[in-house]
Every structure is written in structure tokens, then in C-alpha cells.
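Participant: I'd like to ask some things about the structure below.
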Amino acid sequence: MDSTSGPALYPLHRCKTLHLVRHAQGHHNVAAEKNHDEYMSEDYFDAALTPLGWQQVDNLHKHVLACGLLKKIELVIVSPLMRTMQTAVGVFGGGDCTDGVDIHPLMSANAGDSDRSAISSLNCPPFISVELCRELLGVHPCDRRRSITQYQRLFPAIDFSPIENNEDVLWKADIREKNEEVIERGIKFLNWILTREEKEIAVVSHSGFLYRTLSAFGNDCHPSVKSEITNHFGNCELRSIVIVDRG
């Protein structure tokens with residue numbers, strides 16, 4: 001039998017469903033579409049979402065509510081950068097905070113100069129931030145993060161405990177992470193996910209990281225399936241996949 005066709009069977013307990021999301025449009029995306037060199041500009045350090053980006057977030061939030069996906073997700077994993085965290089809490093969070101409710105919000109009001117109300121952590125899954133799903137490291141200021149203490153004030157209900165260093169020690173001004181290093185990091189990230197108990201997980205990350213990580217998979221599939229797996233993500237695109245522990 002052709003190994004790239006036909007069904008494949010795996011025990012259900014070895015499978016997880018991942019709902020992968022690329023962040024919504026950031027200010028750096030707009031600038032770089034006009035001039036790619038803008039990725040080198042300090043003006044876009046840890047770039048936040050544009051107004052259109054927030055519209056994309058609102059639309060996807062409506063979708064995950066309407067289709068019932070939000071109720072299924074047990075955990076949201078997010079890259080520790082402004083644009084990914086704004087996207088994650090806007091899409092999978094509990095909506096605007098209600099006065100008189102004494103609970104930490106997912107996002108403080110106007111975080112990242114967003115002109116948005118605080119976002120509630122009620123009636124939504126837990127959020128955890130990890131460095132393994134960050135964008136390619138180095139050189140581009142838009143991919144350098146702020147200190148964790150700054151983020152904790154802006155996103156009080158996100159769990160940053162997996163992040164070891166307060167300052168960004170991973171980003172280097174003169175060294176851009178190599179593709180093979182990103183793939184290795186991505187596989188390490190997926191292996192970490194497989195150790196967790198949750199079965200239905202949302203991951204909010206970046207185009208470069210998602211493309212390079214997913215490109216390591218699908219080589220045993222029909223080319224059309226490989227293409228579905230590895231296509232570049234659009235801003236605020238949601239794509240659901242199943243990951244299997246074959247170890």
C-alpha cells in the first residue's frame with residue numbers, strides 16, 4: 001500500500017487537538033508590507049495590534065463563541081509578546097470586565113495603547129505563557145519582549161511562571177535564529193505539550209514559528225495534506241490539527 005494514502009489509526013488517549021492561531025495584524029506588519037527593512041526599526045519594538053488587528057480579534061472571538069469551540073478549550077498557550085497576548089485574551093478571553101467583580105483581568109484597560117477595556121478572566125480557560133513558541137529570535141526589534149514584570153501588570157491573569165528570566169535574554173541584536181534551530185525549538189514545544197493532561201489546547205503564536213515548526217511534519221502524507229499543514233498563516237487565522245504521541 002502507498003504509505004502516503006489510506007487511513008491511519010491511533011489510540012485516542014495518545015491524541016490532542018491543537019487550535020493554532022497566528023496573532024492578528026500588528027503595526028510592524030503594516031510597516032513591513034511597505035518596506036521590509038522596517039522589521040529592523042526600534043519603532044516597532046514588541047509591536048502591538050493595529051485597529052484592524054483588533055477587528056480581526058473580535059471577529060474570531062465571535063466565531064469561537066458561536067461554534068462552541070471556546071467551551072471545549074482547556075488551556076490557552078501564548079507567546080510572551082504584546083501582539084500574541086492581545087490576540088489570545090481577545091479571542092479566548094471572557095469579554096469586557098464587569099464592575100464589582102473582584103478577580104484579576106486577563107488584560108488591563110488600554111494595554112499596549114489599545115484603547116480597549118479590560119478583558120475578564122471569568123468563564124474562560126486558563127492562560128499560560130511560554131518562550132518556546134516565540135517568533136524567530138534576534139535582530140528584529142518587533143520580536144524582542146518586555147520584562148515579565150511589565151507584562152504581569154498588563155496581563156494579570158496570564159501565568160508567566162514557566163518563563164525563567166524577567167528580562168529577554170534570548171533575543172540577540174546581531175544574531176538571527178536559524179531555521180533549523182526554530183524547528184528544533186518547535187518540536188521541543190510540541191513534545192512539552194504532549195506531557196500535559198489537557199486534550200484540547202489553543203496556541204497563539206507567530207507566522208515564522210508556526211510555518212517552520214509545521215514544515216517538519218507531513219512528509220509521510222499526500223502532498224495535498226502536507227500543503228494544508230505547512231501553508232503560511234494569515235493574521236488571526238485559526239487552524240486546528242491533531243497531534244499524536246507515537247513514542
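Ordering of the C-alpha cells sets the chain letters (A, B, ...), residue numbers begin anew at 1 in every chain, and ligands are numbered from 1 in the order given.
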Quick one: residues within 8 Å of stretch 65-78 of chain A, only C-alpha atoms counted, chain neighbours fewer than 3 positions away excluded, as JSON, numbers by chain?

Facilitator: {"A": [61, 62, 84, 85, 88, 92, 124, 125, 126, 127, 128, 129, 130, 133, 198, 199, 200, 201, 202, 203, 204, 205]}

Participant: Got a sec: who's within 12 Å of stretch 28-42 of chain A, counting only C-alpha atoms, leaving out chain neighbours fewer than 2 positions off, as a PyMOL selection string?

Facilitator: chain A and resi 23-26+44-53+82-83+138-144+173-174+176+206-207+234-235

Participant: Nearest to A:Cys15 among A:His222, A:Glu197, A:Cys236, A:Phe217, with distances taken over only C-alpha atoms: which residue is it?

Facilitator: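 Closest to A:Cys15, using only C-alpha atoms: A:Glu197.
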
Participant: From the options A:Leu136, A:Ile241, A:Leu154, A:Val89, which residue's atoms come nearest to A:Gly112, counting only C-alpha atoms?

Facilitator: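 Checking each of A:Leu136, A:Ile241, A:Leu154, A:Val89 against A:Gly112, counting only C-alpha atoms, the winner is A:Leu154.
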
Participant: Step one, run DSSP on the backbone; step two, keep only residues of stretch 47-204 of chain A assigned to strand (DSSP E); then write them as a PyMOL selection string.

Facilitator: chain A and resi 75-78+127-129+200-204

Participant: Nearest residue to A:Arg212 out of A:Asn165, A:Thr230, A:Ser224, A:Thr195, using only C-alpha atoms?

Facilitator: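 Looking only at the distances to A:Arg212, the closest residue turns out to be A:Thr230.
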
Participant: Of the candidates A:Leu18, A:Val169, A:Ile243, A:Leu238, which shows the shortest atom-to-atom distance to A:Val57, using only C-alpha atoms?

Facilitator: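 Under the stated criterion, the closest residue is A:Leu238.
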
Participant: Apply DSSP to the structure's backbone, then extract all residues of stretch 32-96 of chain A labelled helix (DSSP H, G or I) and return them as a ChimeraX atom specification.

Facilitator: /A:32-34,36-40,42-44,51-66,69-72,82-92

Participant: Quick one, how far is atom CA of A:Leu210 from atom CA of A:Gly94?

Facilitator: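 A separation of 25.7 Å between them.
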
Participant: Pick out the closest residue to A:Phe189 from this set: A:Leu170, A:Ile119, A:Ile148, A:Leu132. Count only C-alpha atoms.

Facilitator: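 Among the listed residues, the smallest separation from A:Phe189 belongs to A:Leu132.
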